[in-house]
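**Student:** Just one file: target_7.txt, with compact mmCIF, N, CA and C atoms and all ligand atoms.
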```txt
# COMPACT_ATOMS: atom_id res chain seq x y z
N MET A 1 -39.40 32.36 42.85
CA MET A 1 -38.83 33.09 43.97
C MET A 1 -39.14 32.40 45.29
N ARG A 2 -40.39 31.97 45.39
CA ARG A 2 -40.81 31.28 46.61
C ARG A 2 -40.07 29.95 46.79
N TYR A 3 -39.80 29.31 45.66
CA TYR A 3 -39.08 28.03 45.65
C TYR A 3 -37.68 28.21 46.24
N TRP A 4 -36.97 29.23 45.79
CA TRP A 4 -35.60 29.46 46.27
C TRP A 4 -35.60 30.01 47.69
N ALA A 5 -36.60 30.76 48.07
CA ALA A 5 -36.69 31.25 49.45
C ALA A 5 -36.87 30.08 50.42
N TYR A 6 -37.68 29.11 50.02
CA TYR A 6 -37.88 27.93 50.86
C TYR A 6 -36.58 27.13 50.97
N PHE A 7 -35.86 27.00 49.85
CA PHE A 7 -34.58 26.30 49.86
C PHE A 7 -33.57 27.01 50.77
N THR A 8 -33.52 28.31 50.68
CA THR A 8 -32.61 29.09 51.52
C THR A 8 -32.98 28.97 52.99
N ALA A 9 -34.28 28.97 53.28
CA ALA A 9 -34.72 28.84 54.67
C ALA A 9 -34.32 27.48 55.25
N LYS A 10 -34.45 26.42 54.45
CA LYS A 10 -34.04 25.10 54.92
C LYS A 10 -32.53 25.05 55.17
N LEU A 11 -31.76 25.68 54.28
CA LEU A 11 -30.31 25.71 54.47
C LEU A 11 -29.93 26.48 55.73
N LEU A 12 -30.62 27.58 55.98
CA LEU A 12 -30.32 28.38 57.17
C LEU A 12 -30.66 27.61 58.45
N VAL A 13 -31.77 26.90 58.45
CA VAL A 13 -32.13 26.11 59.63
C VAL A 13 -31.10 25.01 59.87
N ALA A 14 -30.67 24.35 58.80
CA ALA A 14 -29.66 23.29 58.95
C ALA A 14 -28.33 23.89 59.42
N ALA A 15 -27.95 25.06 58.90
CA ALA A 15 -26.71 25.70 59.32
C ALA A 15 -26.77 26.08 60.79
N ALA A 16 -27.92 26.55 61.24
CA ALA A 16 -28.07 26.91 62.65
C ALA A 16 -27.96 25.67 63.53
N ALA A 17 -28.54 24.56 63.09
CA ALA A 17 -28.46 23.32 63.88
C ALA A 17 -27.03 22.81 63.96
N VAL A 18 -26.31 22.87 62.84
CA VAL A 18 -24.91 22.42 62.84
C VAL A 18 -24.06 23.36 63.70
N ARG A 19 -24.35 24.65 63.61
CA ARG A 19 -23.61 25.62 64.44
C ARG A 19 -23.86 25.35 65.93
N GLY A 20 -25.09 25.02 66.28
CA GLY A 20 -25.39 24.69 67.68
C GLY A 20 -24.69 23.43 68.13
N LEU A 21 -24.62 22.46 67.24
CA LEU A 21 -23.91 21.22 67.55
C LEU A 21 -22.43 21.47 67.74
N LEU A 22 -21.85 22.34 66.90
CA LEU A 22 -20.43 22.69 67.06
C LEU A 22 -20.18 23.42 68.37
N ALA A 23 -21.09 24.30 68.75
CA ALA A 23 -20.95 25.01 70.02
C ALA A 23 -21.02 24.02 71.19
N LEU A 24 -21.89 23.02 71.08
CA LEU A 24 -21.99 22.00 72.12
C LEU A 24 -20.70 21.19 72.21
N ILE A 25 -20.11 20.88 71.07
CA ILE A 25 -18.84 20.12 71.06
C ILE A 25 -17.73 20.96 71.69
N LEU A 26 -17.68 22.25 71.35
CA LEU A 26 -16.64 23.12 71.91
C LEU A 26 -16.83 23.29 73.41
N LYS A 27 -18.08 23.30 73.86
CA LYS A 27 -18.34 23.42 75.29
C LYS A 27 -17.99 22.13 76.02
N THR A 28 -18.21 21.02 75.38
CA THR A 28 -17.92 19.72 76.00
C THR A 28 -16.42 19.47 76.06
N PHE A 29 -15.70 19.90 75.03
CA PHE A 29 -14.25 19.68 74.97
C PHE A 29 -13.54 21.03 74.93
N PRO A 30 -13.40 21.69 76.09
CA PRO A 30 -12.75 23.02 76.08
C PRO A 30 -11.26 22.89 75.79
N ALA A 31 -10.68 23.98 75.27
CA ALA A 31 -9.25 24.01 74.98
C ALA A 31 -8.47 24.03 76.29
N SER A 32 -7.37 23.31 76.32
CA SER A 32 -6.59 23.26 77.56
C SER A 32 -5.67 24.48 77.64
N LYS A 33 -5.47 24.95 78.86
CA LYS A 33 -4.64 26.14 79.07
C LYS A 33 -3.18 25.77 79.33
N ASP A 34 -2.94 24.54 79.71
CA ASP A 34 -1.58 24.08 79.98
C ASP A 34 -0.95 23.60 78.67
N PRO A 35 0.18 24.18 78.24
CA PRO A 35 0.77 23.77 76.96
C PRO A 35 1.28 22.33 76.95
N TYR A 36 1.55 21.76 78.12
CA TYR A 36 2.07 20.38 78.16
C TYR A 36 0.96 19.37 78.38
N ALA A 37 -0.26 19.86 78.63
CA ALA A 37 -1.38 18.96 78.91
C ALA A 37 -1.79 18.08 77.72
N PRO A 38 -1.64 18.54 76.45
CA PRO A 38 -2.12 17.70 75.34
C PRO A 38 -1.48 16.33 75.30
N LEU A 39 -0.27 16.20 75.88
CA LEU A 39 0.37 14.89 75.85
C LEU A 39 -0.39 13.89 76.72
N GLY A 40 -1.06 14.37 77.75
CA GLY A 40 -1.78 13.46 78.64
C GLY A 40 -3.27 13.37 78.34
N GLN A 41 -3.74 14.08 77.35
CA GLN A 41 -5.19 14.08 77.05
C GLN A 41 -5.49 13.46 75.70
N GLY A 42 -4.84 12.39 75.40
CA GLY A 42 -5.05 11.74 74.11
C GLY A 42 -6.47 11.26 73.91
N LEU A 43 -7.06 10.68 74.95
CA LEU A 43 -8.43 10.18 74.83
C LEU A 43 -9.41 11.33 74.61
N ASN A 44 -9.14 12.46 75.28
CA ASN A 44 -10.01 13.63 75.12
C ASN A 44 -9.96 14.14 73.68
N TYR A 45 -8.77 14.20 73.10
CA TYR A 45 -8.64 14.63 71.71
C TYR A 45 -9.30 13.64 70.76
N LEU A 46 -9.16 12.37 71.08
CA LEU A 46 -9.78 11.35 70.23
C LEU A 46 -11.30 11.49 70.23
N LEU A 47 -11.88 11.70 71.40
CA LEU A 47 -13.34 11.87 71.49
C LEU A 47 -13.79 13.15 70.80
N CYS A 48 -12.98 14.20 70.95
CA CYS A 48 -13.33 15.47 70.27
C CYS A 48 -13.30 15.29 68.76
N ASP A 49 -12.27 14.62 68.25
CA ASP A 49 -12.19 14.38 66.80
C ASP A 49 -13.35 13.52 66.33
N LEU A 50 -13.72 12.53 67.13
CA LEU A 50 -14.85 11.68 66.77
C LEU A 50 -16.15 12.48 66.73
N ALA A 51 -16.34 13.35 67.71
CA ALA A 51 -17.54 14.19 67.73
C ALA A 51 -17.56 15.14 66.54
N LEU A 52 -16.40 15.71 66.17
CA LEU A 52 -16.34 16.60 65.01
C LEU A 52 -16.61 15.84 63.72
N MET A 53 -16.15 14.60 63.63
CA MET A 53 -16.41 13.80 62.44
C MET A 53 -17.91 13.48 62.31
N VAL A 54 -18.54 13.14 63.43
CA VAL A 54 -19.97 12.86 63.40
C VAL A 54 -20.74 14.13 63.04
N CYS A 55 -20.32 15.26 63.55
CA CYS A 55 -20.96 16.54 63.22
C CYS A 55 -20.81 16.83 61.72
N PHE A 56 -19.63 16.58 61.17
CA PHE A 56 -19.42 16.79 59.73
C PHE A 56 -20.33 15.88 58.90
N LEU A 57 -20.41 14.61 59.31
CA LEU A 57 -21.26 13.68 58.57
C LEU A 57 -22.73 14.09 58.65
N LEU A 58 -23.17 14.57 59.80
CA LEU A 58 -24.55 15.04 59.93
C LEU A 58 -24.79 16.25 59.04
N ALA A 59 -23.82 17.16 58.96
CA ALA A 59 -23.98 18.35 58.12
C ALA A 59 -24.06 17.97 56.65
N VAL A 60 -23.21 17.06 56.20
CA VAL A 60 -23.24 16.64 54.80
C VAL A 60 -24.54 15.89 54.50
N GLY A 61 -24.97 15.04 55.42
CA GLY A 61 -26.22 14.31 55.23
C GLY A 61 -27.41 15.25 55.18
N ALA A 62 -27.41 16.27 56.03
CA ALA A 62 -28.50 17.24 56.00
C ALA A 62 -28.51 18.01 54.70
N LEU A 63 -27.34 18.39 54.20
CA LEU A 63 -27.26 19.10 52.92
C LEU A 63 -27.78 18.22 51.78
N TYR A 64 -27.38 16.96 51.78
CA TYR A 64 -27.86 16.04 50.74
C TYR A 64 -29.38 15.89 50.81
N ALA A 65 -29.92 15.72 52.02
CA ALA A 65 -31.37 15.54 52.17
C ALA A 65 -32.12 16.79 51.74
N ILE A 66 -31.57 17.96 52.03
CA ILE A 66 -32.23 19.21 51.65
C ILE A 66 -32.26 19.37 50.13
N VAL A 67 -31.14 19.10 49.48
CA VAL A 67 -31.09 19.25 48.01
C VAL A 67 -32.00 18.22 47.35
N ARG A 68 -32.00 16.99 47.84
CA ARG A 68 -32.85 15.94 47.26
C ARG A 68 -34.34 16.26 47.47
N ASP A 69 -34.67 16.74 48.65
CA ASP A 69 -36.07 17.10 48.92
C ASP A 69 -36.51 18.25 48.04
N GLN A 70 -35.62 19.22 47.85
CA GLN A 70 -35.99 20.40 47.06
C GLN A 70 -36.17 20.05 45.59
N ARG A 71 -35.40 19.09 45.09
CA ARG A 71 -35.49 18.71 43.68
C ARG A 71 -36.86 18.16 43.33
N TYR A 72 -37.49 17.46 44.26
CA TYR A 72 -38.78 16.83 43.98
C TYR A 72 -39.95 17.62 44.57
N ARG A 73 -39.83 18.93 44.61
CA ARG A 73 -40.92 19.80 45.05
C ARG A 73 -41.45 20.60 43.87
N CYS A 74 -42.73 20.92 43.94
CA CYS A 74 -43.35 21.75 42.92
C CYS A 74 -42.74 23.15 42.98
N ARG A 75 -42.46 23.72 41.81
CA ARG A 75 -41.84 25.05 41.76
C ARG A 75 -42.83 26.15 42.11
N VAL A 76 -44.12 25.85 42.14
CA VAL A 76 -45.14 26.87 42.40
C VAL A 76 -45.66 26.77 43.83
N CYS A 77 -46.15 25.58 44.21
CA CYS A 77 -46.82 25.45 45.51
C CYS A 77 -45.95 24.76 46.56
N LEU A 78 -44.77 24.29 46.21
CA LEU A 78 -43.79 23.68 47.11
C LEU A 78 -44.24 22.34 47.69
N ARG A 79 -45.32 21.77 47.16
CA ARG A 79 -45.72 20.44 47.63
C ARG A 79 -44.83 19.40 46.95
N ARG A 80 -44.73 18.21 47.58
CA ARG A 80 -43.94 17.13 47.01
C ARG A 80 -44.58 16.66 45.70
N LEU A 81 -43.75 16.40 44.70
CA LEU A 81 -44.25 15.89 43.43
C LEU A 81 -44.61 14.43 43.61
N ARG A 82 -45.68 14.01 42.95
CA ARG A 82 -46.23 12.67 43.16
C ARG A 82 -46.34 11.93 41.84
N MET A 83 -46.82 10.71 41.96
CA MET A 83 -47.18 9.86 40.83
C MET A 83 -46.04 9.69 39.82
N PRO A 84 -44.93 9.09 40.21
CA PRO A 84 -43.86 8.87 39.23
C PRO A 84 -44.29 7.87 38.16
N ILE A 85 -44.03 8.24 36.93
CA ILE A 85 -44.38 7.38 35.79
C ILE A 85 -43.12 7.15 34.97
N ALA A 86 -42.79 5.90 34.75
CA ALA A 86 -41.65 5.56 33.90
C ALA A 86 -42.11 5.57 32.45
N THR A 87 -41.42 6.36 31.63
CA THR A 87 -41.75 6.42 30.21
C THR A 87 -40.52 6.04 29.41
N GLY A 88 -40.73 5.66 28.15
CA GLY A 88 -39.63 5.30 27.28
C GLY A 88 -39.08 3.92 27.59
N SER A 89 -38.21 3.47 26.71
CA SER A 89 -37.62 2.15 26.88
C SER A 89 -36.35 2.08 26.05
N TRP A 90 -35.32 1.41 26.59
CA TRP A 90 -34.09 1.26 25.82
C TRP A 90 -34.30 0.29 24.67
N SER A 91 -35.14 -0.72 24.86
CA SER A 91 -35.33 -1.69 23.79
C SER A 91 -36.21 -1.14 22.67
N ARG A 92 -37.03 -0.14 22.96
CA ARG A 92 -37.87 0.49 21.93
C ARG A 92 -37.60 1.99 21.91
N LEU A 93 -36.35 2.30 21.71
CA LEU A 93 -35.89 3.69 21.79
C LEU A 93 -36.54 4.57 20.73
N LEU A 94 -36.73 4.06 19.53
CA LEU A 94 -37.28 4.88 18.45
C LEU A 94 -38.79 5.08 18.60
N GLN A 95 -39.45 4.18 19.29
CA GLN A 95 -40.90 4.31 19.45
C GLN A 95 -41.26 5.12 20.69
N GLY A 96 -40.61 4.83 21.80
CA GLY A 96 -41.01 5.46 23.06
C GLY A 96 -40.08 6.51 23.59
N GLY A 97 -38.91 6.68 22.97
CA GLY A 97 -37.95 7.66 23.45
C GLY A 97 -37.08 7.10 24.55
N ARG A 98 -36.18 7.94 25.05
CA ARG A 98 -35.27 7.51 26.12
C ARG A 98 -36.04 7.27 27.40
N PRO A 99 -35.56 6.34 28.23
CA PRO A 99 -36.25 6.11 29.50
C PRO A 99 -36.10 7.31 30.43
N ARG A 100 -37.19 7.69 31.02
CA ARG A 100 -37.19 8.78 31.98
C ARG A 100 -38.34 8.59 32.94
N ILE A 101 -38.30 9.33 34.01
CA ILE A 101 -39.36 9.26 35.01
C ILE A 101 -39.99 10.64 35.10
N GLU A 102 -41.30 10.65 35.08
CA GLU A 102 -42.03 11.92 35.16
C GLU A 102 -42.79 11.99 36.47
N TYR A 103 -42.68 13.12 37.14
CA TYR A 103 -43.42 13.39 38.38
C TYR A 103 -44.33 14.57 38.10
N ILE A 104 -45.50 14.58 38.72
CA ILE A 104 -46.39 15.71 38.51
C ILE A 104 -46.81 16.30 39.85
N CYS A 105 -47.18 17.55 39.80
CA CYS A 105 -47.81 18.20 40.96
C CYS A 105 -49.27 17.80 40.95
N THR A 106 -49.77 17.39 42.09
CA THR A 106 -51.17 16.93 42.14
C THR A 106 -52.15 18.07 41.94
N TYR A 107 -51.69 19.31 42.02
CA TYR A 107 -52.56 20.46 41.79
C TYR A 107 -52.39 21.03 40.39
N GLY A 108 -51.65 20.31 39.53
CA GLY A 108 -51.57 20.66 38.12
C GLY A 108 -50.66 21.81 37.78
N HIS A 109 -49.67 22.10 38.62
CA HIS A 109 -48.79 23.23 38.33
C HIS A 109 -47.70 22.90 37.33
N GLY A 110 -47.32 21.62 37.25
CA GLY A 110 -46.26 21.30 36.30
C GLY A 110 -45.82 19.85 36.37
N THR A 111 -44.85 19.53 35.52
CA THR A 111 -44.31 18.17 35.40
C THR A 111 -42.79 18.24 35.47
N LEU A 112 -42.20 17.32 36.22
CA LEU A 112 -40.75 17.20 36.29
C LEU A 112 -40.34 15.94 35.55
N ARG A 113 -39.48 16.10 34.55
CA ARG A 113 -38.98 14.95 33.80
C ARG A 113 -37.52 14.75 34.15
N GLU A 114 -37.20 13.51 34.55
CA GLU A 114 -35.84 13.20 34.95
C GLU A 114 -35.34 12.04 34.10
N ASP A 115 -34.19 12.23 33.44
CA ASP A 115 -33.64 11.17 32.60
C ASP A 115 -33.22 10.00 33.47
N ASP A 116 -33.43 8.79 32.93
CA ASP A 116 -33.05 7.60 33.66
C ASP A 116 -31.56 7.35 33.59
N LEU A 117 -30.95 7.71 32.47
CA LEU A 117 -29.52 7.54 32.28
C LEU A 117 -28.83 8.86 32.59
N GLN A 118 -27.81 8.79 33.45
CA GLN A 118 -27.10 10.01 33.85
C GLN A 118 -25.63 9.83 33.55
N LEU A 119 -25.23 10.20 32.33
CA LEU A 119 -23.84 10.02 31.93
C LEU A 119 -22.95 11.16 32.40
N THR A 120 -23.50 12.34 32.56
CA THR A 120 -22.68 13.51 32.86
C THR A 120 -22.71 13.89 34.32
N GLY A 121 -22.97 12.97 35.21
CA GLY A 121 -22.95 13.27 36.64
C GLY A 121 -24.34 13.28 37.22
N GLY A 122 -24.76 14.45 37.65
CA GLY A 122 -26.05 14.58 38.31
C GLY A 122 -27.22 14.36 37.37
N PRO A 123 -28.39 14.17 37.92
CA PRO A 123 -29.55 13.92 37.07
C PRO A 123 -29.94 15.18 36.30
N HIS A 124 -30.30 14.99 35.05
CA HIS A 124 -30.77 16.09 34.22
C HIS A 124 -32.29 16.15 34.38
N THR A 125 -32.77 17.21 34.97
CA THR A 125 -34.20 17.35 35.20
C THR A 125 -34.73 18.51 34.37
N GLU A 126 -35.99 18.38 34.00
CA GLU A 126 -36.63 19.41 33.18
C GLU A 126 -38.00 19.69 33.77
N TRP A 127 -38.21 20.90 34.22
CA TRP A 127 -39.49 21.31 34.80
C TRP A 127 -40.32 21.98 33.71
N THR A 128 -41.53 21.47 33.51
CA THR A 128 -42.43 22.05 32.53
C THR A 128 -43.66 22.58 33.25
N PRO A 129 -43.82 23.90 33.31
CA PRO A 129 -45.01 24.42 33.97
C PRO A 129 -46.26 24.23 33.12
N HIS A 130 -47.37 23.99 33.77
CA HIS A 130 -48.64 23.88 33.06
C HIS A 130 -49.37 25.21 33.18
N SER A 131 -50.30 25.42 32.27
CA SER A 131 -51.06 26.67 32.34
C SER A 131 -52.06 26.58 33.49
N ASP A 132 -52.55 27.71 33.93
CA ASP A 132 -53.49 27.73 35.04
C ASP A 132 -54.84 27.13 34.66
N ASP A 133 -55.19 27.20 33.38
CA ASP A 133 -56.47 26.68 32.93
C ASP A 133 -56.29 25.23 32.47
N ILE A 134 -56.56 24.28 33.38
CA ILE A 134 -56.36 22.87 33.07
C ILE A 134 -57.31 22.40 31.98
N TRP A 135 -58.49 23.03 31.87
CA TRP A 135 -59.46 22.61 30.86
C TRP A 135 -58.99 22.97 29.47
N ALA A 136 -58.23 24.04 29.34
CA ALA A 136 -57.71 24.42 28.02
C ALA A 136 -56.74 23.36 27.51
N GLU A 137 -55.89 22.82 28.42
CA GLU A 137 -54.96 21.78 28.01
C GLU A 137 -55.68 20.48 27.70
N LEU A 138 -56.71 20.17 28.49
CA LEU A 138 -57.43 18.92 28.26
C LEU A 138 -58.28 18.97 26.99
N CYS A 139 -58.82 20.13 26.66
CA CYS A 139 -59.69 20.24 25.50
C CYS A 139 -58.94 20.61 24.23
N ALA A 140 -57.66 20.95 24.32
CA ALA A 140 -56.91 21.38 23.14
C ALA A 140 -56.85 20.29 22.06
N PRO A 141 -56.57 19.03 22.39
CA PRO A 141 -56.57 18.02 21.32
C PRO A 141 -57.95 17.86 20.69
N GLY A 142 -59.03 18.01 21.43
CA GLY A 142 -60.37 17.89 20.89
C GLY A 142 -60.72 19.01 19.94
N LYS A 143 -60.21 20.20 20.23
CA LYS A 143 -60.48 21.34 19.34
C LYS A 143 -59.84 21.13 17.98
N ASP A 144 -58.60 20.60 18.02
CA ASP A 144 -57.92 20.35 16.73
C ASP A 144 -58.69 19.30 15.93
N ALA A 145 -59.17 18.27 16.60
CA ALA A 145 -59.90 17.20 15.90
C ALA A 145 -61.26 17.71 15.41
N GLY A 146 -61.86 18.64 16.19
CA GLY A 146 -63.18 19.16 15.80
C GLY A 146 -63.11 20.09 14.62
N ASP A 147 -61.95 20.73 14.41
CA ASP A 147 -61.83 21.63 13.27
C ASP A 147 -61.75 20.88 11.96
N ARG A 148 -61.27 19.65 12.04
CA ARG A 148 -61.12 18.86 10.81
C ARG A 148 -62.48 18.29 10.39
N PRO A 149 -62.73 18.22 9.12
CA PRO A 149 -64.01 17.65 8.66
C PRO A 149 -64.04 16.14 8.77
ZN ZN A 201 -47.90 22.53 42.66
```
Using structure tokens, write down the structure that the file contains.
**Tutor:**
Amino acid sequence: MRYWAYFTAKLLVAAAAVRGLLALILKTFPASKDPYAPLGQGLNYLLCDLALMVCFLLAVGALYAIVRDQRYRCRVCLRRLRMPIATGSWSRLLQGGRPRIEYICTYGHGTLREDDLQLTGGPHTEWTPHSDDIWAELCAPGKDAGDRP
């Protein structure tokens, strides 16, 4: 819930900034009241269109940056995921699996696995939460080995 609230807050801030930029453009290039004036204001229309195009590009760039930033955040603590590790190999597919990149939260909340090959469009990511007790996960393989004679 906190993850999506943060995402929504970033979108709202970006929307407010773009809205402010649009208001500035409208204030800079007011609509003309004379119906015959547009024929003589070609440069003004050209500059207005250029400003609107730059505003559109900024809005799309901000949306892309927000989505990309949100993808690589921890789902629990919202910190950036760190320590990317490349796993798997195409040449040793049966031994190591498909190539993918794993990111972890430095506070142990979870792991994000992202496939290296993206045939169906966007990246396929898989978030795996870790349990709160990190020692239980670290000692689990030892317990299995200790039970065996
Ligand atoms: Zn975390």
**Student:** Check every protein, DNA and RNA residue against ligand ZN 201 (chain A), keep those with an atom at most 7 Å away (counting only N, CA and C atoms and all ligand atoms), and present them as a ChimeraX atom specification.
**Tutor:** /A:73-79,104-110
**Student:** Closest to Lys10 (chain A) among A:Leu112, A:Leu93, A:Ala65, A:Leu50, using only C-alpha atoms?
**Tutor:**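 Looking at the shortest contact to Lys10 (chain A), the residue is A:Ala65.
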**Student:** If you run DSSP on the backbone here, which positions in chain A get helix (DSSP H, G or I)? Please write them as a PyMOL selection string.
**Tutor:** chain A and resi 2-28+37-40+42-71+93-96+134-147
**Student:** Which is closer to Gly122 (chain A) than all the others in A:Leu26, A:Ala136, A:Ala15, A:Val67, using only C-alpha atoms?
**Tutor:** A:Val67
**Student:** For Ala9 (chain A), which residue among A:Cys139, A:Gly97, A:Ile66, A:Asp34 is the nearest when counting only C-alpha atoms?
**Tutor:**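 Nearest candidate to Ala9 (chain A) out of A:Cys139, A:Gly97, A:Ile66, A:Asp34: A:Ile66.
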**Student:** Go ahead and compute the interatomic distance for CA of Leu52 (chain A) and CA of Ala23 (chain A), in Å to one decimal.
**Tutor:**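 Computing the Euclidean distance for CA of Leu52 (chain A) and CA of Ala23 (chain A) yields 10.8 Å.
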**Student:** Apply DSSP to the structure's backbone, then extract all residues of region 13-135 of chain A labelled strand (DSSP E or B) and return them as a ChimeraX atom specification.
**Tutor:** /A:73,80,82-87,100-104,110-115,125-129
**Student:** Which value, in Å to one decimal, gives the distance between CA of Arg82 (chain A) and atom C of Gln118 (chain A)?
**Tutor:**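 So the two atoms, CA of Arg82 (chain A) and atom C of Gln118 (chain A), lie 22.9 Å apart.
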**Student:** Could you work out how far CA of Trp90 (chain A) lies from CA of Leu119 (chain A), giving the answer in Å with one decimal?
**Tutor:**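 These atoms are spaced 14.8 Å apart.
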